[in-house]
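Remarks on the structure that follows.
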Amino acid sequence: MHRIAVLLCCFLLSLSAFAGEIRIFSENNKKGIKDENGKVLIPALYDELGWSQARSELFVNKVTGYKLSGKWGLVTSKNKMICESRYLDLYPASERSFLASRPHRWKKIKTWGLISSKGKILHDFEWVDVKKIGPDRLIAKVMRGNVAFYGLVSAKGKVLIPFVQEKIMDLGSGYLSVTGQQAKTAVYSWTGERLSENFADSITACKDAKFVYFSQGRAGISDASGQVLQKPVFRSVNLEKGEGVLYPSWKLVTPGKETKQTLHYEELQVLDDYRLVGRVQGGAQLLSACGEKVTDEFYDSLGSFQYGLSLAKKGESYGLVDSTGQWVLRPHFKQIERMGEYALVNEQYGRMSYAEVFDVLNRRIVSDKFQEICPLNGRYFAVRRGEHWGVARSTGNLLIECRYDSVLAEERGLFKVIYWGKKGYINTKDEWALRPQQGEIQVNQAGNFLVSNQWGHTILSQEGEKLYYSPDSLVLHPLGFLYSGKKQKTGILDRNGRPRIEASYDRVYVVQLDSLFGLKKGSRVEMIDKNFQYRITTRHQMDSIVPSRSAWLPVCKDGRYGYIDTDGLLRLANRYQQAGEYSEKRAPVKLQGKWGYVNELERLVVQPWYDEVSPFHGGTAIVARNGHRGMIDLQGRILVDVDFEKVVKTKEGGGICMSQGLYGYYNAHGMPVIARRYESIEEIGDFLLVKRGGRFGVIDKRGVNIVPVLYDRIVFDARNKHFLCKQSAAARSLELH
């Protein structure tokens with residue numbers, strides 16, 4: 001054995017010396033090879049010499065590669081051609097074999113195989129990818145349909161591990177990680193010998209015959225036989241340093257300061273009222289609201305719950321799980337789209353794709369197979385069979401036969417379709433409500449149609465009667481239609497196409513959603529309600545009416561602001577420079593360049609001292625003066641001094657205040673509850689999330705510490721009234737058993 005090793009060493013040294021004595025030369029843009037004395041071994045006849053991948057050795061077993069016309073072949077050191085240039089890639093796999101690639105016969109890919117130093121094919125060209133490991137081993141990949149499989153092959157072309165594996169990874173030191181068809185991984189040797197059972201999700205590293213393996217996203221250590229030396233509890237393991245890092249700890253803390261549970265996950269997320277999801281490397285687990293495992297099932301991903309079901313991913317496929325973690329819809333689908341209580345799935349059968357719809361009880365809703373299904377709303381689906389579309393009910397039966405170019409939408413009980421390139425509407429009996437038209441079509445609340453094309457705009461009744469025509473602009477509006485008259489002025493038609501407002505206005509806009517509308521004419525504004533009744537007429541018209549959600553609307557007349565109610569009655573006279581949003585019986589008004597507040601009797605209850613003011617909420621408002629902010633009550637009393645750079649209202653009327661980069665908190669009575677010493681304060685439910693020194697804690701609005709300022713992150717579970725508090729973990733030494 002010692003003698004063999006010495007001979008091998010001598011051979012390699014001689015090969016290295018030989019390689020160092022020869023060189024490639026160029027002549028007439030071609031390449032050749034000369035020896036140390038300048039003697040030509042291979043004349044300059046080739047585009048390239050050597051290998052398609054950069055390598056230190058030029059000759060292997062007195063053979064090298066040459067390139068002509070973009071392809072590679074083999075030639076001896078005496079310029080004897082071994083094989084023609086037919087390969088896209090060519091480089092040594094061992095001393096006597098070479099990896100080569102060539103174009104696939106009909107696919108736009110290249111396939112790999114093995115050839116000998118004499119040009120003989122040792123393994124057919126069926127691999128789509130290959131990686132060399134060690135001196136004479138190859139990890140190769142084949143495709144069967146759309147599925148990839150891996151195997152281990154010797155440099156002589158002998159299959160050592162069959163091509164039925166999902167993944168093979170070189171661990172070094174003569175070991176391999178091999179993942180089988182059940183997505184479980186075992187340890188193999190480079191000889192192809194199986195050393196362990198399929199015991200891990202993955203195996204990632206090896207040192208001194210000890211292996212880092214993962215199970216459900218957690219790392220442990222085993223020997224080559226799969227015997228556990230360190231249980232899988234770590235986020236990562238470093239065999240070189242002999243230490244592991246745990247996942248961050250998450251404590252579930254109640255407002256009563258009780259720690260209910262400590263969990264170890266990378267992230268913890270509230271999914272719904274009763275479930276959490278714990279995320280680790282490569283997947284997630286479903287937990288109860290108290291942090292207990294609901295199931296041992298490990299998912300690649302989990303979505304939020306809708307109608308009691310969560311979209312879950314397993315491998316490359318999707319399914320649906322219920323709140324107990326059980327599969328309601330097995331993960332057999334490449335895509336699932338949630339549509340409320342329904343799930344739209346896509347399946348592949350050979351070269352054909354089909355779509356189906358299931359409900360929350362895993363019942364197939366649309367019984368026929370269609371190439372495509374698209375939701376229209378909660379009651380109907382657009383379905384495609386071949387090149388044509390129809391409509392199916394959510395109860396499962398086909399409502400409209402597949403005869404249309406496309407089904408675009410369901411609008412007011414009608415289906416907008418394209419038929420022979422034109423758009424029309426059909427009813428649920430598959431009868432034309434509006435026959436196909438050129439251009440764009442719309443239907444309004446009254447069931448009448450607007451047809452717009454190059455010839456103009458037409459309103460048609462359900463019976464096909466022409467109600468109105470305009471060569472100019474005509475658009476749908478909550479009141480009916482806006483039409484253009486002379487000089488590009490705007491008027492209003494009702495929903496049946498009857499003129500209601502003459503085309504004499506510059507603009508029509510919404511003052512209050514679907515109830516009040518402003519009519520702008522020049523510098524004046526009138527106002528009507530949804531029944532076309534004038535609330536502000538030409539006689540009392542205003543310069544502007546400010547859109548508002550409150551009962552009183554700010555208006556401007558002759559450059560002065562006041563307030564009207566939704567009936568158009570004047571509530572506060574037009575005597576102010578500006579007016580803001582009315583709330584809690586207080587109207588913000590500007591006098592002599594400053595803001596104050598008046599009540600509904602137009603009495604000045606807050607003097608105009610401020611540069612900015614906000615509407616009242618919870619009995620308090622934020623005010624600003626000279627670049628600083630504070631808070632006042634309804635009577636104008638200062639609750640928080642106007643000394644802060646930032647003030648944010650809380651829901652009960654208190655204020656989070658910041659000055660010089662530090663935050664504090666005042667309650668609705670103006671009492672300082674939390675001293676100004678935190679980097680940030682954020683309202684979460686009835687509590688305040690505080691940050692100091694890069695760490696987070698929780699304080700209630702009475703100033704009582706609930707969670708100490710120790711954590712990297714805190715998430716509030718509002719439904720279950722507890723806090724998820726994250727703290728990073730340090731590395732710790734491994735204890736191998």
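To be explicit about the labels: the chains of the structure tokens are called A, B, and onward in the order shown, and within each one the residues are counted from 1, while ligands get numbers from 1 in the order they are shown.
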Range 286-292 of chain A environment, 9 Å, only C-alpha atoms, sequence neighbours closer than 5 positions dropped, as a CSV table (one decimal) with all heavy atoms, in the first residue's frame:
chain,number,residue,atom,x,y,z
A,252,LEU,N,-44.3,35.0,26.7
A,252,LEU,CA,-45.7,35.4,26.7
A,252,LEU,C,-46.0,36.0,28.0
A,252,LEU,O,-46.2,35.3,29.0
A,252,LEU,CB,-46.6,34.3,26.3
A,252,LEU,CG,-46.8,34.0,24.8
A,252,LEU,CD1,-45.5,33.5,24.2
A,252,LEU,CD2,-47.9,32.9,24.6
A,260,LYS,N,-46.4,33.4,31.0
A,260,LYS,CA,-47.2,32.2,30.8
A,260,LYS,C,-46.4,31.1,30.1
A,260,LYS,O,-46.6,29.9,30.3
A,260,LYS,CB,-48.4,32.5,30.0
A,260,LYS,CG,-49.4,33.5,30.7
A,260,LYS,CD,-50.5,33.9,29.8
A,260,LYS,CE,-51.4,32.8,29.4
A,260,LYS,NZ,-52.6,33.2,28.6
A,261,GLN,N,-45.4,31.5,29.2
A,261,GLN,CA,-44.7,30.5,28.4
A,261,GLN,C,-43.5,31.2,27.8
A,261,GLN,O,-43.4,32.4,27.6
A,261,GLN,CB,-45.6,30.1,27.2
A,261,GLN,CG,-45.1,29.1,26.3
A,261,GLN,CD,-45.1,27.7,26.8
A,261,GLN,OE1,-44.2,27.3,27.5
A,261,GLN,NE2,-46.2,26.9,26.5
A,262,THR,N,-42.4,30.4,27.6
A,262,THR,CA,-41.2,30.8,26.9
A,262,THR,C,-41.0,29.9,25.7
A,262,THR,O,-40.9,28.7,25.9
A,262,THR,CB,-40.0,30.8,27.9
A,262,THR,OG1,-40.2,31.6,29.0
A,262,THR,CG2,-38.7,31.2,27.1
A,263,LEU,N,-40.9,30.5,24.6
A,263,LEU,CA,-40.8,29.7,23.3
A,263,LEU,C,-39.5,30.2,22.6
A,263,LEU,O,-38.9,31.2,22.9
A,263,LEU,CB,-42.0,30.0,22.4
A,263,LEU,CG,-43.3,29.8,23.0
A,263,LEU,CD1,-44.4,30.4,22.1
A,263,LEU,CD2,-43.6,28.4,23.3
A,270,VAL,N,-48.9,36.7,15.3
A,270,VAL,CA,-50.3,36.4,15.7
A,270,VAL,C,-51.1,36.2,14.4
A,270,VAL,O,-51.2,37.1,13.5
A,270,VAL,CB,-50.9,37.6,16.5
A,270,VAL,CG1,-52.4,37.3,16.8
A,270,VAL,CG2,-50.1,37.9,17.7
A,272,ASP,N,-54.5,34.8,14.2
A,272,ASP,CA,-55.9,35.2,14.4
A,272,ASP,C,-56.1,35.2,15.9
A,272,ASP,O,-55.2,35.2,16.7
A,272,ASP,CB,-56.8,34.3,13.6
A,272,ASP,CG,-56.8,32.8,14.2
A,272,ASP,OD1,-56.1,32.5,15.1
A,272,ASP,OD2,-57.6,32.0,13.6
A,273,ASP,N,-57.4,35.1,16.3
A,273,ASP,CA,-57.7,35.2,17.7
A,273,ASP,C,-57.2,34.0,18.5
A,273,ASP,O,-57.1,34.1,19.7
A,273,ASP,CB,-59.2,35.3,17.9
A,273,ASP,CG,-59.8,36.6,17.2
A,273,ASP,OD1,-58.9,37.5,17.0
A,273,ASP,OD2,-61.0,36.7,17.0
A,274,TYR,N,-57.0,32.9,17.9
A,274,TYR,CA,-56.7,31.7,18.6
A,274,TYR,C,-55.4,31.0,18.3
A,274,TYR,O,-55.0,30.0,18.8
A,274,TYR,CB,-57.8,30.7,18.4
A,274,TYR,CG,-59.2,31.3,18.7
A,274,TYR,CD1,-60.0,31.7,17.7
A,274,TYR,CD2,-59.6,31.5,20.1
A,274,TYR,CE1,-61.3,32.2,18.0
A,274,TYR,CE2,-60.8,32.0,20.3
A,274,TYR,CZ,-61.7,32.4,19.3
A,274,TYR,OH,-62.9,33.0,19.6
A,275,ARG,N,-54.6,31.6,17.3
A,275,ARG,CA,-53.5,30.9,16.8
A,275,ARG,C,-52.3,31.8,16.6
A,275,ARG,O,-52.4,33.0,16.2
A,275,ARG,CB,-53.8,30.2,15.4
A,275,ARG,CG,-54.8,29.1,15.5
A,275,ARG,CD,-54.2,27.9,16.3
A,275,ARG,NE,-55.1,26.8,16.4
A,275,ARG,CZ,-55.9,26.5,17.5
A,275,ARG,NH1,-55.7,27.3,18.6
A,275,ARG,NH2,-56.7,25.5,17.6
A,276,LEU,N,-51.1,31.2,16.9
A,276,LEU,CA,-49.8,31.9,16.6
A,276,LEU,C,-49.1,31.0,15.6
A,276,LEU,O,-49.4,29.8,15.5
A,276,LEU,CB,-49.0,32.0,17.9
A,276,LEU,CG,-49.5,32.7,19.1
A,276,LEU,CD1,-48.6,32.6,20.3
A,276,LEU,CD2,-49.8,34.2,18.8
A,277,VAL,N,-48.1,31.6,14.9
A,277,VAL,CA,-47.3,30.8,14.0
A,277,VAL,C,-45.8,31.1,14.5
A,277,VAL,O,-45.4,32.3,14.6
A,277,VAL,CB,-47.5,31.1,12.5
A,277,VAL,CG1,-47.2,32.6,12.2
A,277,VAL,CG2,-46.6,30.2,11.7
A,278,GLY,N,-45.1,30.1,14.8
A,278,GLY,CA,-43.7,30.2,15.1
A,278,GLY,C,-42.8,29.9,13.9
A,278,GLY,O,-43.0,28.8,13.3
A,297,GLU,N,-47.0,18.8,12.7
A,297,GLU,CA,-46.8,19.1,11.3
A,297,GLU,C,-45.9,20.3,11.1
A,297,GLU,O,-46.0,21.3,11.9
A,297,GLU,CB,-48.1,19.3,10.6
A,297,GLU,CG,-48.0,19.5,9.1
A,297,GLU,CD,-48.0,18.1,8.4
A,297,GLU,OE1,-48.8,17.2,8.7
A,297,GLU,OE2,-47.1,18.0,7.5
A,298,PHE,N,-44.9,20.2,10.2
A,298,PHE,CA,-44.0,21.3,10.0
A,298,PHE,C,-44.3,21.9,8.5
A,298,PHE,O,-44.2,21.1,7.6
A,298,PHE,CB,-42.6,20.9,10.1
A,298,PHE,CG,-41.5,21.9,10.0
A,298,PHE,CD1,-41.4,22.9,11.0
A,298,PHE,CD2,-40.7,22.0,8.9
A,298,PHE,CE1,-40.5,23.9,11.0
A,298,PHE,CE2,-39.7,23.0,8.9
A,298,PHE,CZ,-39.6,23.9,9.9
A,299,TYR,N,-44.6,23.1,8.4
A,299,TYR,CA,-45.0,23.7,7.1
A,299,TYR,C,-43.8,24.6,6.6
A,299,TYR,O,-43.1,25.2,7.4
A,299,TYR,CB,-46.2,24.6,7.3
A,299,TYR,CG,-47.4,23.9,8.0
A,299,TYR,CD1,-47.6,24.1,9.4
A,299,TYR,CD2,-48.2,23.0,7.4
A,299,TYR,CE1,-48.6,23.5,10.1
A,299,TYR,CE2,-49.3,22.4,8.0
A,299,TYR,CZ,-49.4,22.6,9.4
A,299,TYR,OH,-50.4,22.0,10.1
A,302,LEU,N,-47.1,29.5,6.4
A,302,LEU,CA,-48.5,29.5,6.8
A,302,LEU,C,-49.0,30.9,6.7
A,302,LEU,O,-48.3,31.9,7.1
A,302,LEU,CB,-48.6,29.1,8.3
A,302,LEU,CG,-48.7,27.6,8.7
A,302,LEU,CD1,-48.7,27.5,10.2
A,302,LEU,CD2,-50.0,27.1,8.1
A,323,SER,N,-57.8,25.0,11.9
A,323,SER,CA,-57.2,25.6,13.1
A,323,SER,C,-56.5,24.5,14.0
A,323,SER,O,-55.8,24.9,14.9
A,323,SER,CB,-58.3,26.3,13.9
A,323,SER,OG,-59.3,25.5,14.3
A,324,THR,N,-56.7,23.3,13.7
A,324,THR,CA,-56.1,22.2,14.4
A,324,THR,C,-54.8,21.7,13.7
A,324,THR,O,-54.1,20.8,14.2
A,324,THR,CB,-57.0,21.0,14.6
A,324,THR,OG1,-57.2,20.4,13.3
A,324,THR,CG2,-58.3,21.4,15.3
A,325,GLY,N,-54.5,22.4,12.6
A,325,GLY,CA,-53.3,22.0,11.8
A,325,GLY,C,-53.5,20.9,10.9
A,325,GLY,O,-52.6,20.4,10.2
A,717,ASP,N,-50.7,40.9,21.4
A,717,ASP,CA,-51.8,40.0,21.0
A,717,ASP,C,-53.0,40.6,21.6
A,717,ASP,O,-53.4,40.4,22.8
A,717,ASP,CB,-51.6,38.6,21.4
A,717,ASP,CG,-52.7,37.7,21.0
A,717,ASP,OD1,-53.7,38.1,20.5
A,717,ASP,OD2,-52.5,36.4,21.1
A,720,ASN,N,-56.0,38.2,23.0
A,720,ASN,CA,-55.7,37.4,24.2
A,720,ASN,C,-55.0,38.2,25.3
A,720,ASN,O,-54.6,37.7,26.3
A,720,ASN,CB,-54.9,36.2,23.8
A,720,ASN,CG,-55.6,35.3,22.8
A,720,ASN,OD1,-56.6,34.7,23.2
A,720,ASN,ND2,-55.2,35.3,21.6
Task: Residues near Asn705 in chain A, cut-off 12 Å, only C-alpha atoms, skip fewer than 2 positions along chain, as a PyMOL selection string - done: chain A and resi 254-257+673-674+687-690+696-703+707-709
- [ ] Skip range 648-654 of chain A itself and residues of its chain fewer than 3 positions away, then list as a PyMOL selection string all residues within 8 Å of it, counting only C-alpha atoms.
- [x] chain A and resi 617-620+622+657+665-670+683
Residue selection dump (N, CA and C atoms) as a short mmCIF file (atom, residue, chain, number, x, y, z; two decimals), in the first residue's frame:
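Result file follows (result_26.cif):
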data_model
loop_
_atom_site.label_atom_id
_atom_site.label_comp_id
_atom_site.auth_asym_id
_atom_site.auth_seq_id
_atom_site.Cartn_x
_atom_site.Cartn_y
_atom_site.Cartn_z
N HIS A 617 -60.65 65.70 19.67
CA HIS A 617 -60.94 64.26 19.73
C HIS A 617 -60.73 63.82 21.17
N GLY A 618 -61.77 63.23 21.75
CA GLY A 618 -61.66 62.81 23.15
C GLY A 618 -61.53 63.97 24.11
N GLY A 619 -62.02 65.15 23.70
CA GLY A 619 -61.98 66.31 24.59
C GLY A 619 -60.68 67.07 24.57
N THR A 620 -59.74 66.69 23.71
CA THR A 620 -58.46 67.39 23.63
C THR A 620 -58.10 67.65 22.18
N ILE A 622 -54.55 69.13 19.64
CA ILE A 622 -53.14 69.51 19.56
C ILE A 622 -53.05 70.91 18.96
N CYS A 657 -45.52 62.83 23.82
CA CYS A 657 -44.83 64.08 23.56
C CYS A 657 -43.33 63.86 23.41
N TYR A 665 -45.17 60.75 28.21
CA TYR A 665 -46.61 60.60 28.00
C TYR A 665 -47.39 61.39 29.05
N TYR A 666 -48.43 62.14 28.58
CA TYR A 666 -49.36 62.87 29.44
C TYR A 666 -50.75 62.28 29.24
N ASN A 667 -51.52 62.15 30.32
CA ASN A 667 -52.88 61.64 30.17
C ASN A 667 -53.82 62.74 29.71
N ALA A 668 -55.11 62.40 29.54
CA ALA A 668 -56.08 63.36 29.02
C ALA A 668 -56.34 64.52 29.97
N HIS A 669 -55.89 64.42 31.21
CA HIS A 669 -56.04 65.51 32.18
C HIS A 669 -54.79 66.38 32.25
N GLY A 670 -53.79 66.06 31.41
CA GLY A 670 -52.58 66.86 31.38
C GLY A 670 -51.56 66.46 32.43
N GLU A 683 -48.44 53.70 20.96
CA GLU A 683 -49.65 53.17 21.57
C GLU A 683 -49.98 51.81 20.99
#
- [ ] Assign secondary structure with DSSP using the backbone only, and return the residues of range 552-686 of chain A in strand (DSSP E) as number ranges by chain.
- [x] A: 552-557, 560-565, 570-576, 578-579, 587-591, 594-598, 604-610, 612-613, 620-625, 628-633, 638-644, 646-649, 655-659, 662-666, 672-678, 680-684
Open item on the list: Using only C-alpha atoms, which protein or nucleic acid residues come within 8 Å of range 544-552 of chain A? Drop anything in the same chain fewer than 6 positions from it, and give the result as a PyMOL selection string.
Closed with: chain A and resi 510-512+518+523-525+563-566+571+581-583
Task: For Asp506 in chain A: contacts at 6 Å, only C-alpha atoms, fewer than 6 positions along chain excluded, given as a ChimeraX atom specification - done: /A:489-490,520-521
